[in-house]
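Structure file work33.cif with mmCIF, C-alpha atoms, pLDDT in the B column; chains and numbers go by the auth columns:
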data_data
loop_
_atom_site.group_PDB
_atom_site.id
_atom_site.type_symbol
_atom_site.label_atom_id
_atom_site.label_comp_id
_atom_site.label_asym_id
_atom_site.label_seq_id
_atom_site.Cartn_x
_atom_site.Cartn_y
_atom_site.Cartn_z
_atom_site.B_iso_or_equiv
_atom_site.auth_seq_id
_atom_site.auth_asym_id
ATOM 1 C CA MET A 1 184.658 87.164 181.081 51.00 1 A
ATOM 2 C CA ASP A 2 188.121 87.187 179.539 57.00 2 A
ATOM 3 C CA LYS A 3 190.031 90.334 178.698 62.00 3 A
ATOM 4 C CA THR A 4 189.307 90.209 174.944 64.00 4 A
ATOM 5 C CA SER A 5 185.553 89.778 175.335 71.00 5 A
ATOM 6 C CA SER A 6 185.383 92.521 178.000 78.00 6 A
ATOM 7 C CA LYS A 7 187.173 94.908 175.624 84.00 7 A
ATOM 8 C CA GLN A 8 184.786 93.971 172.822 86.00 8 A
ATOM 9 C CA GLU A 9 181.797 94.515 175.113 88.00 9 A
ATOM 10 C CA PHE A 10 183.263 97.850 176.219 89.00 10 A
ATOM 11 C CA GLY A 11 183.579 98.965 172.594 90.00 11 A
ATOM 12 C CA SER A 12 180.039 97.867 171.833 91.00 12 A
ATOM 13 C CA VAL A 13 178.501 99.567 174.883 90.00 13 A
ATOM 14 C CA ALA A 14 180.584 102.733 174.422 91.00 14 A
ATOM 15 C CA THR A 15 179.498 103.014 170.798 92.00 15 A
ATOM 16 C CA ARG A 16 175.840 102.357 171.576 93.00 16 A
ATOM 17 C CA GLU A 17 175.735 104.783 174.541 92.00 17 A
ATOM 18 C CA LEU A 18 177.929 107.560 173.128 93.00 18 A
ATOM 19 C CA ASN A 19 175.031 109.949 172.460 93.00 19 A
ATOM 20 C CA ALA A 20 173.483 109.289 175.881 92.00 20 A
ATOM 21 C CA LEU A 21 176.840 109.886 177.566 93.00 21 A
ATOM 22 C CA TYR A 22 177.205 113.165 175.681 93.00 22 A
ATOM 23 C CA ARG A 23 173.660 114.323 176.541 91.00 23 A
ATOM 24 C CA THR A 24 174.273 113.550 180.201 90.00 24 A
ATOM 25 C CA ALA A 25 177.581 115.423 180.240 91.00 25 A
ATOM 26 C CA LEU A 26 176.016 118.362 178.403 89.00 26 A
ATOM 27 C CA ARG A 27 173.154 118.526 180.909 87.00 27 A
ATOM 28 C CA MET A 28 175.622 118.554 183.797 87.00 28 A
ATOM 29 C CA LEU A 29 178.266 120.869 182.333 88.00 29 A
ATOM 30 C CA ARG A 30 176.147 123.086 180.027 86.00 30 A
ATOM 31 C CA ASP A 31 179.010 123.448 177.582 89.00 31 A
ATOM 32 C CA HIS A 32 179.430 121.456 174.368 91.00 32 A
ATOM 33 C CA HIS A 33 183.223 121.399 174.395 92.00 33 A
ATOM 34 C CA GLU A 34 183.473 120.468 178.065 92.00 34 A
ATOM 35 C CA ALA A 35 180.853 117.738 177.548 92.00 35 A
ATOM 36 C CA GLU A 36 182.860 116.265 174.662 94.00 36 A
ATOM 37 C CA ASP A 37 186.029 116.371 176.758 94.00 37 A
ATOM 38 C CA ALA A 38 184.265 114.757 179.733 94.00 38 A
ATOM 39 C CA VAL A 39 182.924 111.913 177.594 95.00 39 A
ATOM 40 C CA GLN A 40 186.340 111.339 176.048 95.00 40 A
ATOM 41 C CA GLU A 41 188.036 111.382 179.451 95.00 41 A
ATOM 42 C CA SER A 42 185.406 109.020 180.893 94.00 42 A
ATOM 43 C CA LEU A 43 185.771 106.526 178.077 94.00 43 A
ATOM 44 C CA ASP A 44 189.527 106.681 178.469 94.00 44 A
ATOM 45 C CA LYS A 45 189.248 106.074 182.231 94.00 45 A
ATOM 46 C CA GLY A 46 186.817 103.226 181.639 93.00 46 A
ATOM 47 C CA TRP A 47 189.089 101.590 179.068 92.00 47 A
ATOM 48 C CA ARG A 48 192.165 101.892 181.282 93.00 48 A
ATOM 49 C CA ASN A 49 190.317 100.569 184.351 91.00 49 A
ATOM 50 C CA LEU A 50 188.265 97.870 182.666 90.00 50 A
ATOM 51 C CA ASP A 51 189.974 95.222 184.763 87.00 51 A
ATOM 52 C CA GLN A 52 188.518 96.869 187.897 88.00 52 A
ATOM 53 C CA LEU A 53 184.941 96.180 186.787 85.00 53 A
ATOM 54 C CA GLU A 54 183.585 93.566 189.153 82.00 54 A
ATOM 55 C CA ALA A 55 182.499 90.231 187.695 79.00 55 A
ATOM 56 C CA GLY A 56 178.802 90.336 186.851 79.00 56 A
ATOM 57 C CA ALA A 57 178.630 94.148 187.022 83.00 57 A
ATOM 58 C CA ARG A 58 176.864 95.896 184.148 88.00 58 A
ATOM 59 C CA LEU A 59 179.089 98.049 181.989 91.00 59 A
ATOM 60 C CA LYS A 60 176.564 100.785 181.073 91.00 60 A
ATOM 61 C CA PRO A 61 175.867 102.066 184.621 92.00 61 A
ATOM 62 C CA TRP A 62 179.576 101.740 185.427 92.00 62 A
ATOM 63 C CA LEU A 63 180.448 104.004 182.479 93.00 63 A
ATOM 64 C CA PHE A 64 177.816 106.529 183.536 92.00 64 A
ATOM 65 C CA ARG A 65 179.225 106.526 187.076 92.00 65 A
ATOM 66 C CA ILE A 66 182.671 107.337 185.668 93.00 66 A
ATOM 67 C CA LEU A 67 181.120 110.099 183.540 93.00 67 A
ATOM 68 C CA THR A 68 179.158 111.543 186.467 90.00 68 A
ATOM 69 C CA ASN A 69 182.257 111.616 188.656 90.00 69 A
ATOM 70 C CA THR A 70 184.293 113.191 185.849 92.00 70 A
ATOM 71 C CA CYS A 71 181.668 115.910 185.356 89.00 71 A
ATOM 72 C CA LEU A 72 181.447 116.586 189.092 86.00 72 A
ATOM 73 C CA ASP A 73 185.244 116.895 189.253 87.00 73 A
ATOM 74 C CA LEU A 74 185.162 119.381 186.363 87.00 74 A
ATOM 75 C CA LEU A 75 182.406 121.400 188.031 83.00 75 A
ATOM 76 C CA ARG A 76 184.325 121.497 191.312 80.00 76 A
ATOM 77 C CA SER A 77 187.535 122.656 189.609 81.00 77 A
ATOM 78 C CA LYS A 78 185.549 125.149 187.532 72.00 78 A
ATOM 79 C CA SER A 79 184.036 126.710 190.650 64.00 79 A
ATOM 80 C CA ARG A 80 187.542 127.401 191.964 63.00 80 A
ATOM 81 C CA ARG A 81 188.728 129.383 188.948 54.00 81 A
ATOM 82 C CA PRO A 82 187.398 132.701 187.593 54.00 82 A
ATOM 83 C CA GLN A 83 184.882 132.511 184.765 51.00 83 A
ATOM 84 C CA VAL A 84 185.245 134.367 181.479 49.00 84 A
ATOM 85 C CA GLU A 85 182.114 134.499 179.353 52.00 85 A
ATOM 86 C CA PHE A 86 182.438 133.811 175.633 46.00 86 A
ATOM 87 C CA ASN A 87 179.696 135.277 173.503 50.00 87 A
ATOM 88 C CA GLU A 88 179.610 133.933 169.937 49.00 88 A
ATOM 89 C CA GLN A 89 177.858 137.048 168.656 51.00 89 A
ATOM 90 C CA ASP A 90 180.729 139.221 169.869 46.00 90 A
ATOM 91 C CA HIS A 91 183.105 137.133 167.768 43.00 91 A
ATOM 92 C CA GLY A 92 181.044 136.880 164.602 44.00 92 A
ATOM 93 C CA GLN A 93 180.405 133.120 164.799 42.00 93 A
ATOM 94 C CA ASP A 94 176.626 133.440 164.723 42.00 94 A
ATOM 95 C CA ASP A 95 176.702 135.628 161.605 42.00 95 A
ATOM 96 C CA MET A 96 178.281 132.852 159.531 38.00 96 A
ATOM 97 C CA VAL A 97 175.308 130.530 159.921 43.00 97 A
ATOM 98 C CA SER A 98 172.053 131.436 158.244 43.00 98 A
ATOM 99 C CA ARG A 99 169.045 129.975 159.987 48.00 99 A
ATOM 100 C CA PRO A 100 165.878 129.441 157.982 51.00 100 A
ATOM 101 C CA ALA A 101 162.642 130.658 159.508 47.00 101 A
ATOM 102 C CA LEU A 102 160.749 127.914 161.289 49.00 102 A
ATOM 103 C CA PRO A 103 157.064 127.276 160.705 57.00 103 A
ATOM 104 C CA ASP A 104 154.817 128.322 163.581 61.00 104 A
ATOM 105 C CA ASP A 105 154.335 124.813 164.994 62.00 105 A
ATOM 106 C CA ASP A 106 158.046 124.056 164.930 66.00 106 A
ATOM 107 C CA LEU A 107 158.777 127.325 166.697 66.00 107 A
ATOM 108 C CA HIS A 108 156.047 126.557 169.205 62.00 108 A
ATOM 109 C CA ASN A 109 157.478 123.095 169.972 67.00 109 A
ATOM 110 C CA ARG A 110 160.966 124.527 170.190 72.00 110 A
ATOM 111 C CA GLN A 111 159.757 127.088 172.746 72.00 111 A
ATOM 112 C CA ILE A 112 158.204 124.319 174.827 72.00 112 A
ATOM 113 C CA GLY A 113 161.459 122.375 174.711 74.00 113 A
ATOM 114 C CA GLU A 114 163.372 125.461 175.809 78.00 114 A
ATOM 115 C CA ALA A 115 160.898 126.005 178.665 76.00 115 A
ATOM 116 C CA VAL A 116 161.340 122.397 179.784 77.00 116 A
ATOM 117 C CA ASN A 117 165.135 122.706 179.667 79.00 117 A
ATOM 118 C CA LEU A 118 164.990 125.975 181.592 81.00 118 A
ATOM 119 C CA VAL A 119 162.880 124.387 184.318 82.00 119 A
ATOM 120 C CA ILE A 120 165.151 121.321 184.499 84.00 120 A
ATOM 121 C CA ASP A 121 168.185 123.619 184.712 83.00 121 A
ATOM 122 C CA ARG A 122 166.648 125.269 187.795 85.00 122 A
ATOM 123 C CA LEU A 123 166.560 121.958 189.669 86.00 123 A
ATOM 124 C CA PRO A 124 169.327 121.220 192.163 87.00 124 A
ATOM 125 C CA ALA A 125 172.220 119.326 190.542 84.00 125 A
ATOM 126 C CA ASP A 126 171.412 116.064 192.357 86.00 126 A
ATOM 127 C CA GLN A 127 167.844 116.117 191.014 89.00 127 A
ATOM 128 C CA GLN A 128 168.995 117.094 187.520 88.00 128 A
ATOM 129 C CA ALA A 129 171.242 114.048 187.378 88.00 129 A
ATOM 130 C CA VAL A 130 168.383 111.716 188.335 91.00 130 A
ATOM 131 C CA VAL A 131 165.981 113.350 185.840 89.00 131 A
ATOM 132 C CA GLN A 132 168.604 113.071 183.091 88.00 132 A
ATOM 133 C CA LEU A 133 169.234 109.384 183.686 89.00 133 A
ATOM 134 C CA VAL A 134 165.737 108.118 184.558 90.00 134 A
ATOM 135 C CA ILE A 135 163.473 110.312 182.406 87.00 135 A
ATOM 136 C CA VAL A 136 165.662 111.391 179.512 85.00 136 A
ATOM 137 C CA GLU A 137 167.966 108.387 179.156 87.00 137 A
ATOM 138 C CA GLN A 138 165.336 105.838 180.331 88.00 138 A
ATOM 139 C CA PHE A 139 167.589 104.195 182.957 90.00 139 A
ATOM 140 C CA SER A 140 165.950 101.837 185.418 91.00 140 A
ATOM 141 C CA TYR A 141 166.063 103.013 189.033 93.00 141 A
ATOM 142 C CA GLU A 142 168.652 100.332 189.726 93.00 142 A
ATOM 143 C CA ASP A 143 170.935 101.400 186.867 91.00 143 A
ATOM 144 C CA ALA A 144 170.579 105.082 187.827 91.00 144 A
ATOM 145 C CA ALA A 145 171.477 104.175 191.421 92.00 145 A
ATOM 146 C CA ILE A 146 174.600 102.376 190.194 91.00 146 A
ATOM 147 C CA ALA A 147 175.550 105.214 187.837 90.00 147 A
ATOM 148 C CA LEU A 148 175.125 107.849 190.562 90.00 148 A
ATOM 149 C CA ASP A 149 176.509 105.652 193.341 90.00 149 A
ATOM 150 C CA LEU A 150 173.344 106.126 195.419 92.00 150 A
ATOM 151 C CA PRO A 151 170.846 103.834 197.131 95.00 151 A
ATOM 152 C CA ILE A 152 167.722 103.148 195.044 94.00 152 A
ATOM 153 C CA GLY A 153 165.565 104.848 197.687 95.00 153 A
ATOM 154 C CA THR A 154 167.557 108.059 197.269 95.00 154 A
ATOM 155 C CA VAL A 155 167.116 107.921 193.490 94.00 155 A
ATOM 156 C CA ARG A 156 163.346 107.460 193.931 95.00 156 A
ATOM 157 C CA SER A 157 163.017 110.300 196.443 95.00 157 A
ATOM 158 C CA ARG A 158 165.085 112.716 194.336 93.00 158 A
ATOM 159 C CA LEU A 159 163.040 111.840 191.275 93.00 159 A
ATOM 160 C CA SER A 160 159.823 112.350 193.217 93.00 160 A
ATOM 161 C CA ARG A 161 160.955 115.786 194.429 93.00 161 A
ATOM 162 C CA ALA A 162 162.142 116.684 190.933 91.00 162 A
ATOM 163 C CA ARG A 163 158.827 115.654 189.366 90.00 163 A
ATOM 164 C CA ALA A 164 156.879 117.713 191.900 90.00 164 A
ATOM 165 C CA SER A 165 159.100 120.727 191.286 89.00 165 A
ATOM 166 C CA LEU A 166 158.948 120.283 187.514 86.00 166 A
ATOM 167 C CA SER A 167 155.184 119.981 187.567 85.00 167 A
ATOM 168 C CA THR A 168 154.777 123.196 189.533 86.00 168 A
ATOM 169 C CA SER A 169 157.361 125.121 187.517 84.00 169 A
ATOM 170 C CA LEU A 170 156.051 123.917 184.152 79.00 170 A
ATOM 171 C CA LYS A 171 152.499 124.929 185.018 80.00 171 A
ATOM 172 C CA GLU A 172 153.869 128.347 185.898 79.00 172 A
ATOM 173 C CA VAL A 173 156.046 128.703 182.783 71.00 173 A
ATOM 174 C CA LEU A 174 153.573 127.208 180.310 69.00 174 A
ATOM 175 C CA GLY A 175 150.700 129.171 181.843 71.00 175 A
ATOM 176 C CA LYS A 176 152.437 132.445 180.919 65.00 176 A
ATOM 177 C CA ALA A 177 152.636 131.558 177.221 57.00 177 A
ATOM 178 C CA ASP A 178 150.951 133.776 174.638 52.00 178 A
ATOM 179 C CA ARG A 179 148.936 130.895 173.237 51.00 179 A
ATOM 180 C CA PRO A 180 147.834 127.604 174.798 51.00 180 A
ATOM 181 C CA LEU A 181 150.670 125.115 174.674 49.00 181 A
ATOM 182 C CA ARG A 182 150.304 121.446 173.886 52.00 182 A
ATOM 183 C CA ALA A 183 152.460 119.291 176.083 47.00 183 A
ATOM 184 C CA PRO A 184 154.966 117.321 174.007 47.00 184 A
ATOM 185 C CA ALA A 185 155.172 113.568 174.520 47.00 185 A
ATOM 186 C CA ARG A 186 158.263 113.761 176.717 46.00 186 A
ATOM 187 C CA LEU A 187 156.419 115.914 179.254 44.00 187 A
ATOM 188 C CA LYS A 188 153.917 113.159 179.858 45.00 188 A
ATOM 189 C CA LEU A 189 156.629 111.273 181.736 44.00 189 A
ATOM 190 C CA VAL A 190 156.893 114.092 184.272 40.00 190 A
ATOM 191 C CA LYS A 191 153.658 114.137 186.253 36.00 191 A
#

Serialized structure, structure tokens:
Amino acid sequence: MDKTSSKQEFGSVATRELNALYRTALRMLRDHHEAEDAVQESLDKGWRNLDQLEAGARLKPWLFRILTNTCLDLLRSKSRRPQVEFNEQDHGQDDMVSRPALPDDDLHNRQIGEAVNLVIDRLPADQQAVVQLVIVEQFSYEDAAIALDLPIGTVRSRLSRARASLSTSLKEVLGKADRPLRAPARLKLVK
């Protein structure tokens, strides 16, 4: 592939996968601004190092590997510096936005989604990354292995452990609900 066509493919893949890259960064970093910065930095690194992509290698998993490494670097540097909590309510940001009341079913589904996210957030970081790529972003095991720079067997075993943990935790969390909860479609992937 010549330089022009690889740059065009990069632009196409980056545009198509932008939301997935952001969701992955957000899941890893748990901060909207840091996730945006990580995606931007990853795309910049990918663009600058496009000539290092091996012939025949797929661009999407390569970009996700760059993003994963960027997020891990940010998390490592973050753990070395003191944390200062920012609470939007203390600064009046939340008061500016009026939120309409949600109908009961919407609220119910939102609570289930929050419970699922809470349970996923409790997983070890290595399992979270696999769940994010394979279940949420629908990566094949092979593409997830490339993106995480792991053997396929490791991806499968981490996903298996994550599914078992999610199943147990979700039964616990959803069993404590005030009313019986219907499992949303995305939970059916995690058995």

Fill in: Result set of the PyMOL selection byres ((chain A and resi 125-137) around 9) on the coordinates above, as a PyMOL selection string
chain A and resi 20+23-24+27-28+68+120-124+138-141+143-145+147-148+155-156+158-159+161-163+186+189-190

Fill in: A:Leu53, A:Leu59, A:Ala38, A:Leu29 ranked by distance to A:Ala14, top pick (using all atoms listed in the file)
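For A:Ala14, the nearest of the given residues is A:Leu59.
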
Fill in: Selected residue of minimal separation from A:Glu142 among A:Asn19, A:Ala35, A:Leu72, A:Lys60, counting only C-alpha atoms
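Checking each candidate against A:Glu142, we get A:Lys60 as the closest.
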
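Of note, atom CA of A:Arg65 and atom CA of A:Ala115 are spaced 28.0 Å apart.
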
Discussion item. Just to confirm, what's the straight-line distance from atom CA of A:Val39 to atom CA of A:Tyr22 in Å (one decimal)?
Written reply: 6.2 Å

Fill in: Selected residue, from A:Leu150, A:Ile66, A:Leu26, A:Ala57, that lies nearest to A:Lys45 when counting all atoms listed in the file
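That would be A:Ile66, the residue with the smallest distance to A:Lys45.
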
Item to complete: Quote the spacing between atom CA of A:Asn69 and atom CA of A:Thr15 in Å to one decimal place.
Response: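 Separation of atom CA of A:Asn69 and atom CA of A:Thr15: 20.0 Å.
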
What would the list of residues within 10 Å of (186.3, 113.1, 178.8) (file frame) look like as a CSV table (one decimal) with C-alpha atoms, keeping the file's coordinate frame, if only C-alpha atoms are what count?
chain,number,residue,atom,x,y,z
A,22,TYR,CA,177.2,113.2,175.7
A,25,ALA,CA,177.6,115.4,180.2
A,33,HIS,CA,183.2,121.4,174.4
A,34,GLU,CA,183.5,120.5,178.1
A,35,ALA,CA,180.9,117.7,177.5
A,36,GLU,CA,182.9,116.3,174.7
A,37,ASP,CA,186.0,116.4,176.8
A,38,ALA,CA,184.3,114.8,179.7
A,39,VAL,CA,182.9,111.9,177.6
A,40,GLN,CA,186.3,111.3,176.0
A,41,GLU,CA,188.0,111.4,179.5
A,42,SER,CA,185.4,109.0,180.9
A,43,LEU,CA,185.8,106.5,178.1
A,44,ASP,CA,189.5,106.7,178.5
A,45,LYS,CA,189.2,106.1,182.2
A,66,ILE,CA,182.7,107.3,185.7
A,67,LEU,CA,181.1,110.1,183.5
A,70,THR,CA,184.3,113.2,185.8
A,71,CYS,CA,181.7,115.9,185.4
A,74,LEU,CA,185.2,119.4,186.4

Fill in: Distance criterion (all atoms listed in the file): nearest to A:Phe64 out of A:Leu170, A:Leu18, A:Leu118, A:Gln52
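Counting all atoms listed in the file, the residue closest to A:Phe64 is A:Leu18.
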
Discussion item. Going by the chain IDs and residue numbers used in this file, which residues fall under the PyMOL selection byres ((chain A and resi 50) around 10)? Write them as a list of chain:residue names.
Written reply: A:Lys3, A:Ser6, A:Lys7, A:Phe10, A:Asp44, A:Lys45, A:Gly46, A:Trp47, A:Arg48, A:Asn49, A:Asp51, A:Gln52, A:Leu53, A:Glu54, A:Leu59, A:Trp62, A:Leu63

Worksheet item: Which is closest to A:Arg30 among A:Thr154, A:Asn117, A:Gln111, A:Ser165, if we use only C-alpha atoms?
Response: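 The shortest atom-to-atom distance to A:Arg30 comes from A:Asn117.
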